[in-house]
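Shown next: my_file-v9.cif, given as mmCIF, C-alpha atoms.
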data_entry
#
loop_
_atom_site.label_atom_id
_atom_site.label_comp_id
_atom_site.auth_asym_id
_atom_site.auth_seq_id
_atom_site.Cartn_x
_atom_site.Cartn_y
_atom_site.Cartn_z
CA MET A 39 8.07 -52.93 -27.84
CA LEU A 40 6.71 -49.85 -26.07
CA THR A 41 7.06 -46.44 -27.69
CA ASP A 42 6.60 -43.03 -26.17
CA GLY A 43 3.26 -41.36 -26.80
CA ASP A 44 2.55 -37.74 -27.65
CA ILE A 45 3.36 -35.15 -25.01
CA CYS A 46 0.61 -32.54 -24.80
CA VAL A 47 1.00 -29.26 -22.94
CA GLY A 48 -1.80 -26.85 -22.15
CA PHE A 49 -4.95 -26.46 -20.09
CA GLU A 50 -7.03 -27.58 -23.06
CA PHE A 51 -5.87 -31.13 -22.34
CA LEU A 52 -7.59 -31.31 -18.97
CA PRO A 53 -10.38 -33.95 -18.99
CA LYS A 54 -13.85 -32.54 -19.55
CA GLN A 55 -14.97 -33.57 -16.06
CA ILE A 56 -12.30 -31.36 -14.50
CA VAL A 57 -13.08 -28.46 -16.82
CA ASP A 58 -16.79 -28.75 -15.97
CA TYR A 59 -15.95 -28.69 -12.27
CA LEU A 60 -13.81 -25.58 -12.69
CA GLN A 61 -16.58 -23.89 -14.67
CA ARG A 62 -19.20 -24.69 -12.03
CA SER A 63 -16.99 -23.18 -9.35
CA LEU A 64 -16.72 -19.87 -11.23
CA ASN A 65 -19.96 -18.48 -9.81
CA ALA A 66 -20.28 -20.75 -6.79
CA ARG A 67 -20.58 -17.75 -4.49
CA PRO A 68 -22.88 -15.06 -5.90
CA PRO A 69 -22.11 -11.56 -4.61
CA ILE A 70 -24.20 -10.12 -1.78
CA PRO A 71 -25.43 -6.53 -2.25
CA HIS A 72 -23.53 -3.97 -0.16
CA VAL A 73 -21.06 -6.62 1.06
CA TYR A 74 -17.52 -6.57 -0.32
CA HIS A 75 -14.59 -8.85 0.32
CA VAL A 76 -11.11 -7.49 0.81
CA THR A 77 -9.91 -9.11 -2.43
CA GLN A 78 -12.72 -7.45 -4.40
CA LEU A 79 -11.74 -4.02 -3.13
CA THR A 80 -8.00 -4.43 -3.55
CA TYR A 81 -7.98 -4.76 -7.32
CA CYS A 82 -9.77 -3.03 -10.22
CA LEU A 83 -13.09 -1.62 -9.03
CA LYS A 84 -14.41 -1.33 -12.57
CA LYS A 85 -13.92 -5.08 -13.01
CA GLU A 86 -15.86 -5.77 -9.81
CA TYR A 87 -18.59 -3.38 -11.00
CA TYR A 88 -19.03 -5.25 -14.28
CA LYS A 89 -18.81 -8.67 -12.58
CA ARG A 90 -21.73 -7.73 -10.37
CA LYS A 91 -23.77 -5.89 -12.98
CA TYR A 92 -23.23 -8.32 -15.85
CA PRO A 93 -22.29 -11.74 -14.45
CA GLU A 94 -23.15 -13.35 -17.77
CA LEU A 95 -20.16 -11.56 -19.31
CA ASN A 96 -17.71 -12.95 -16.77
CA GLY A 97 -15.90 -15.24 -19.17
CA PHE A 98 -14.58 -18.62 -18.07
CA ASN A 99 -10.81 -18.90 -17.91
CA ILE A 100 -9.49 -22.41 -17.23
CA SER A 101 -6.06 -21.20 -16.16
CA SER A 102 -7.43 -18.70 -13.62
CA GLN A 103 -9.90 -21.16 -12.14
CA TYR A 104 -7.22 -23.84 -11.95
CA ASN A 105 -4.94 -21.48 -10.01
CA ILE A 106 -7.80 -20.56 -7.67
CA LEU A 107 -8.40 -24.26 -7.05
CA ASN A 108 -4.69 -24.75 -6.31
CA GLY A 109 -4.82 -21.94 -3.77
CA ASN A 110 -7.91 -23.39 -2.10
CA LEU A 111 -6.28 -26.80 -1.83
CA LEU A 112 -3.21 -25.23 -0.27
CA ASP A 113 -5.41 -23.44 2.27
CA LYS A 114 -7.18 -26.68 3.19
CA ALA A 115 -3.88 -28.52 3.65
CA PHE A 116 -1.89 -25.91 5.60
CA THR A 117 -4.17 -23.59 7.58
CA PRO A 118 -5.64 -26.27 9.91
CA LEU A 119 -2.10 -26.80 11.26
CA PHE A 120 -2.50 -23.58 13.29
CA ALA A 121 -4.73 -22.94 16.29
CA VAL A 122 -6.04 -19.68 14.82
CA ASN A 123 -6.99 -20.24 11.20
CA GLN A 124 -9.60 -19.19 8.64
CA ARG A 125 -10.95 -16.54 11.00
CA ALA A 126 -13.52 -14.30 9.32
CA PHE A 127 -14.11 -10.67 10.25
CA VAL A 128 -16.52 -8.00 9.11
CA VAL A 129 -16.77 -4.22 9.53
CA HIS A 130 -20.02 -2.33 8.88
CA LYS A 131 -20.29 1.36 8.06
CA ASN A 132 -22.99 3.41 6.31
CA ASN A 133 -24.90 0.36 4.99
CA VAL A 134 -21.72 -1.16 3.54
CA SER A 135 -19.81 -4.15 4.88
CA ILE A 136 -16.23 -5.24 4.33
CA THR A 137 -15.40 -8.87 5.00
CA GLY A 138 -12.12 -10.75 5.10
CA THR A 139 -10.83 -14.12 6.26
CA LEU A 140 -7.26 -14.46 7.50
CA ASP A 141 -5.43 -17.68 6.72
CA PHE A 142 -3.64 -18.31 10.01
CA VAL A 143 -1.74 -16.86 12.94
CA CYS A 144 1.66 -18.43 13.57
CA VAL A 145 3.28 -18.37 17.02
CA ASP A 146 7.07 -18.38 17.11
CA GLU A 147 8.00 -21.31 19.35
CA GLU A 148 11.12 -19.58 20.70
CA THR A 149 9.91 -16.02 21.30
CA GLY A 150 6.14 -16.53 21.57
CA GLU A 151 5.64 -13.69 19.08
CA LYS A 152 2.51 -13.95 16.98
CA ALA A 153 2.20 -13.07 13.30
CA LEU A 154 -0.68 -13.09 10.84
CA TYR A 155 -0.01 -14.93 7.59
CA ASP A 156 -1.76 -14.68 4.25
CA LEU A 157 -1.07 -17.77 2.17
CA LYS A 158 -0.77 -17.27 -1.59
CA ARG A 159 -0.32 -19.64 -4.52
CA PRO A 160 0.93 -17.46 -7.43
CA LYS A 161 1.68 -18.96 -10.82
CA SER A 162 5.34 -18.35 -10.15
CA THR A 163 7.58 -16.90 -7.44
CA TYR A 164 10.34 -16.02 -9.91
CA PHE A 165 9.78 -12.25 -9.79
CA LYS A 166 8.48 -12.33 -6.21
CA GLU A 167 11.95 -13.33 -5.03
CA THR A 168 13.36 -9.93 -6.02
CA GLU A 169 10.33 -7.64 -6.31
CA GLY A 170 8.25 -8.89 -3.42
CA SER A 171 4.60 -9.84 -3.30
CA GLY A 172 3.14 -6.76 -5.01
CA GLN A 173 0.87 -4.08 -3.61
CA GLY A 174 -2.30 -6.15 -4.04
CA TYR A 175 -1.08 -8.96 -1.79
CA ARG A 176 0.36 -6.46 0.69
CA LYS A 177 -2.88 -4.52 1.04
CA GLN A 178 -4.87 -7.69 1.59
CA VAL A 179 -2.80 -8.89 4.53
CA GLN A 180 -2.74 -5.37 5.99
CA CYS A 181 -6.52 -5.26 5.81
CA TYR A 182 -6.96 -8.69 7.43
CA LEU A 183 -4.95 -7.48 10.40
CA ALA A 184 -6.87 -4.19 10.51
CA LEU A 185 -10.23 -6.01 10.35
CA ALA A 186 -9.21 -8.24 13.26
CA HIS A 187 -8.16 -5.25 15.36
CA ALA A 188 -11.34 -3.35 14.46
CA ASN A 189 -13.28 -6.31 15.87
CA GLY A 190 -11.25 -6.21 19.07
CA GLU A 191 -9.42 -9.47 18.28
CA LEU A 192 -5.78 -10.45 17.84
CA LEU A 193 -4.74 -7.24 19.55
CA ASP A 194 -1.45 -8.87 20.48
CA VAL A 195 -0.62 -9.51 16.80
CA HIS A 196 1.37 -6.72 15.17
CA LYS A 197 3.28 -8.55 12.45
CA ALA A 198 1.96 -9.67 9.07
CA TYR A 199 3.48 -11.79 6.33
CA VAL A 200 2.58 -12.81 2.80
CA LEU A 201 3.69 -16.42 2.29
CA MET A 202 3.92 -17.36 -1.40
CA CYS A 203 4.25 -21.00 -2.42
CA ALA A 204 4.99 -22.06 -5.99
CA GLU A 205 8.27 -23.39 -7.42
CA ASN A 206 9.91 -21.75 -4.40
CA ILE A 207 8.79 -20.35 -1.05
CA VAL A 208 8.90 -16.58 -0.62
CA ARG A 209 7.91 -14.80 2.58
CA GLU A 210 7.56 -11.03 2.76
CA GLU A 211 6.96 -9.07 5.92
CA VAL A 212 4.38 -6.32 5.47
CA ALA A 213 4.19 -3.37 7.84
CA PRO A 214 0.71 -2.69 9.28
CA ASP A 215 -1.03 0.30 7.73
CA PRO A 216 -3.29 2.29 10.09
CA GLU A 217 -5.04 3.87 7.09
CA ILE A 218 -5.81 0.68 5.16
CA LEU A 219 -9.30 0.08 6.53
CA GLU A 220 -10.38 3.64 5.75
CA TRP A 221 -8.94 3.23 2.24
CA MET A 222 -10.95 0.02 1.76
CA LEU A 223 -14.14 1.61 3.11
CA ASN A 224 -13.84 4.58 0.76
CA ARG A 225 -13.47 2.20 -2.19
CA ALA A 226 -16.47 0.21 -0.97
CA PHE A 227 -18.60 3.37 -0.76
CA LEU A 228 -17.65 4.37 -4.32
CA LEU A 229 -18.35 0.91 -5.70
CA ASP A 230 -21.66 0.67 -3.86
CA SER A 231 -22.75 4.05 -5.19
CA ALA A 232 -21.69 3.16 -8.74
CA LEU A 233 -23.72 -0.06 -8.60
CA GLU A 234 -26.76 1.71 -7.16
CA HIS A 235 -26.75 4.45 -9.80
CA ASN A 236 -25.53 2.33 -12.73
CA TYR A 237 -22.60 4.67 -13.14
CA PRO A 238 -19.26 2.86 -13.61
CA SER A 239 -17.35 6.11 -14.04
CA LEU A 240 -17.58 6.62 -10.29
CA VAL A 241 -15.02 3.88 -9.71
CA SER A 242 -11.37 3.77 -10.65
CA GLY A 243 -9.51 1.38 -12.87
CA PRO A 244 -6.75 -0.98 -11.77
CA GLU A 245 -4.03 -0.11 -9.32
CA GLU A 246 -1.57 -2.30 -11.26
CA SER A 247 -1.16 -2.37 -15.05
CA TRP A 248 -1.13 -6.18 -15.38
CA GLU A 249 -4.83 -6.24 -14.48
CA CYS A 250 -5.68 -4.85 -17.91
CA LEU A 251 -3.78 -7.46 -19.87
CA ASN A 252 -5.65 -9.93 -22.06
CA GLY A 253 -6.42 -13.07 -20.13
CA PHE A 254 -6.90 -11.29 -16.81
CA CYS A 255 -10.08 -9.34 -17.49
CA PRO A 256 -13.12 -10.28 -19.61
CA PHE A 257 -14.52 -6.74 -19.35
CA ARG A 258 -11.73 -4.86 -21.13
CA LYS A 259 -13.89 -3.65 -24.00
CA HIS A 260 -16.57 -2.36 -21.63
CA CYS A 261 -14.23 0.10 -19.95
CA GLY A 262 -12.35 1.12 -23.09
CA LYS A 263 -9.20 -0.91 -22.46
CA GLU A 264 -9.62 -3.26 -25.41
CA SER A 265 -6.84 -2.67 -27.90
#
Reformat the file's structure so that it appears as structure tokens.
Amino acid sequence: MLTDGDICVGFEFLPKQIVDYLQRSLNARPPIPHVYHVTQLTYCLKKEYYKRKYPELNGFNISSQYNILNGNLLDKAFTPLFAVNQRAFVVHKNNVSITGTLDFVCVDEETGEKALYDLKRPKSTYFKETEGSGQGYRKQVQCYLALAHANGELLDVHKAYVLMCAENIVREEVAPDPEILEWMLNRAFLLDSALEHNYPSLVSGPEESWECLNGFCPFRKHCGKES
């Protein structure tokens, strides 16, 4: 007679082979000096400073890496369905470069209107359904559109959406921001200067309070946020 076995819940029950794979992917793309991705500039600049200066302190978090993997798999499954997808753009100014890769451009079959989409895989859409995507997600998609326009591409695209897929699907329209690229460049200049002069005080902390919570940042004690 068969009996039910133990039910185990938690990332610690992932097989070692999967954990090793997630750990190897943590630093799969080493940062390039003077080159900053949109996602690196959107969130806490102090965290990005310490990640670049002290990569050995960038602790491994199974949950975070697992969620990143989920997002990458979603990208690989969905974005090739669109004619314009995974388009990378770069803007150079004063020896600093900002890069970003849009997920896809969707064309409305009835109206022909085009819209840029940024595909996200949050842990949950529960709060997104009432509070929206959050300023980090919004700024990213705004910057992808601005980067495209700065490169003279997708000039007929004026709409942007954040599409979040988890236990539910939530889509938020985000208005273009004509100042977003300048905002990103200013942050890139500050971060670049801080790295060059070994002076983390030049850069600001997080835009959103959740970035300082335990589990999100391995550098809390280095910037005085450790409680």
What lies within 12 Å of Leu240 (chain A) using all atoms listed in the file, ignoring chain neighbours under 2 positions off, as a list in words?
->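 Those residues are Leu83, Lys84, Tyr87, Asn224, Arg225, Ala226, Phe227, Leu228, Leu229, Asp230, Ser231, Ala232, Leu233, Glu234, His235, Asn236, Tyr237, Pro238, Ser242 and Gly243 of chain A.
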Expected file contents, prior selection, C-alpha atoms, as a PDB file, keeping the file's coordinate frame:
ATOM      1  CA  LEU A  83     -13.090  -1.620  -9.030  1.00  0.00           C
ATOM      2  CA  LYS A  84     -14.410  -1.330 -12.570  1.00  0.00           C
ATOM      3  CA  TYR A  87     -18.590  -3.380 -11.000  1.00  0.00           C
ATOM      4  CA  ASN A 224     -13.840   4.580   0.760  1.00  0.00           C
ATOM      5  CA  ARG A 225     -13.470   2.200  -2.190  1.00  0.00           C
ATOM      6  CA  ALA A 226     -16.470   0.210  -0.970  1.00  0.00           C
ATOM      7  CA  PHE A 227     -18.600   3.370  -0.760  1.00  0.00           C
ATOM      8  CA  LEU A 228     -17.650   4.370  -4.320  1.00  0.00           C
ATOM      9  CA  LEU A 229     -18.350   0.910  -5.700  1.00  0.00           C
ATOM     10  CA  ASP A 230     -21.660   0.670  -3.860  1.00  0.00           C
ATOM     11  CA  SER A 231     -22.750   4.050  -5.190  1.00  0.00           C
ATOM     12  CA  ALA A 232     -21.690   3.160  -8.740  1.00  0.00           C
ATOM     13  CA  LEU A 233     -23.720  -0.060  -8.600  1.00  0.00           C
ATOM     14  CA  GLU A 234     -26.760   1.710  -7.160  1.00  0.00           C
ATOM     15  CA  HIS A 235     -26.750   4.450  -9.800  1.00  0.00           C
ATOM     16  CA  ASN A 236     -25.530   2.330 -12.730  1.00  0.00           C
ATOM     17  CA  TYR A 237     -22.600   4.670 -13.140  1.00  0.00           C
ATOM     18  CA  PRO A 238     -19.260   2.860 -13.610  1.00  0.00           C
ATOM     19  CA  SER A 242     -11.370   3.770 -10.650  1.00  0.00           C
ATOM     20  CA  GLY A 243      -9.510   1.380 -12.870  1.00  0.00           C
TER      21      GLY A 243
END
So which residues are close to (-7.0, -23.6, -15.7), meaning at most 10 Å away in the file's coordinates with all atoms listed in the file counted, and can you show them as a PyMOL selection string?
-> chain A and resi 48-50+52+56-57+60-61+98-108
9 Å contact set for Gly109 (chain A), all atoms listed in the file, chain neighbours under 3 positions out, as a ChimeraX atom specification | /A:104-106,112-114,157-160
May I have the selected residues written with C-alpha atoms, as a short mmCIF file (atom, residue, chain, number, x, y, z; two decimals), keeping the file's coordinate frame?
data_model
loop_
_atom_site.label_atom_id
_atom_site.label_comp_id
_atom_site.auth_asym_id
_atom_site.auth_seq_id
_atom_site.Cartn_x
_atom_site.Cartn_y
_atom_site.Cartn_z
CA TYR A 104 -7.22 -23.84 -11.95
CA ASN A 105 -4.94 -21.48 -10.01
CA ILE A 106 -7.80 -20.56 -7.67
CA LEU A 112 -3.21 -25.23 -0.27
CA ASP A 113 -5.41 -23.44 2.27
CA LYS A 114 -7.18 -26.68 3.19
CA LEU A 157 -1.07 -17.77 2.17
CA LYS A 158 -0.77 -17.27 -1.59
CA ARG A 159 -0.32 -19.64 -4.52
CA PRO A 160 0.93 -17.46 -7.43
#
Selection dump of the PyMOL selection byres ((chain A and resi 163) around 10), as a PyMOL selection string = chain A and resi 159-162+164-171+202-208
Go through A:Val212, A:Cys82, A:Ala198, A:Val145 one by one, measure the shortest atom-to-atom distance of each to Gly172 (chain A) using only C-alpha atoms, and give the residue with the smallest value.
->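 Between A:Val212, A:Cys82, A:Ala198, A:Val145, the residue approaching Gly172 (chain A) most closely is A:Val212.
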Figure out the distance between CA of Val241 (chain A) and CA of Val179 (chain A), please, to one decimal in Å.
-> 22.7 Å
Spatial neighbours of Ile136 (chain A), 7 Å, all atoms listed in the file, chain gap at least 4 places, as a list in words | Val73, Tyr74, His75, Val76, Val128, Val129 and His130 of chain A
Please measure the separation of CA of Arg258 (chain A) and CA of Tyr88 (chain A), giving the value in Å to one decimal.
->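 Distance between the two atoms: 10.0 Å.
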Kindly resolve the PyMOL selection byres ((chain A and resi 192) around 12) on the present coordinates and return the residues as a PyMOL selection string.
-> chain A and resi 122-123+125+127+140+142-144+151-154+182-191+193-198
Smallest atom-to-atom distance to Ile218 (chain A): which of A:Lys54, A:Lys131, A:Lys177, A:Arg62, using all atoms listed in the file?
-> A:Lys177
Need the axis-aligned box for region 67-70 of chain A with 6 Å each side, so what are the centre and edges in Å to one decimal, as JSON?
{"center_x": -22.4, "center_y": -13.9, "center_z": -3.8, "size_x": 15.6, "size_y": 19.6, "size_z": 16.1}
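Here CA of Glu246 (chain A) stands at a distance of 24.7 Å from CA of His72 (chain A).
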Answer key for the PyMOL selection byres ((chain A and resi 81) around 8), residues as a list in words |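 Answer for the PyMOL selection byres ((chain A and resi 81) around 8): Thr77, Gln78, Leu79, Thr80, Cys82, Leu83, Gly174, Pro244, Glu245, Glu246 and Glu249 of chain A.
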With all atoms listed in the file as the atoms that count, which of A:Pro53, A:Pro93, A:Pro118, A:Gly150 lies nearest to Arg67 (chain A)?
->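 With all atoms listed in the file as the atom set, the closest residue is A:Pro93.
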Given the choices A:Asp141, A:Tyr92, A:Pro68, A:Gln178, which gets closest to Trp221 (chain A) if the distance is worked out from only C-alpha atoms?
->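 The answer is A:Gln178, which sits nearest to Trp221 (chain A).
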Nearest residue to Arg176 (chain A) from the set A:Val47, A:Leu223, A:Ala213, A:Ala115 (distances using all atoms listed in the file) |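 The closest residue to Arg176 (chain A) is A:Ala213.
Considering all atoms listed in the file, the residue among A:Pro214, A:Lys85, A:Thr117, A:Asn133 positioned nearest to Phe254 (chain A) is A:Lys85.
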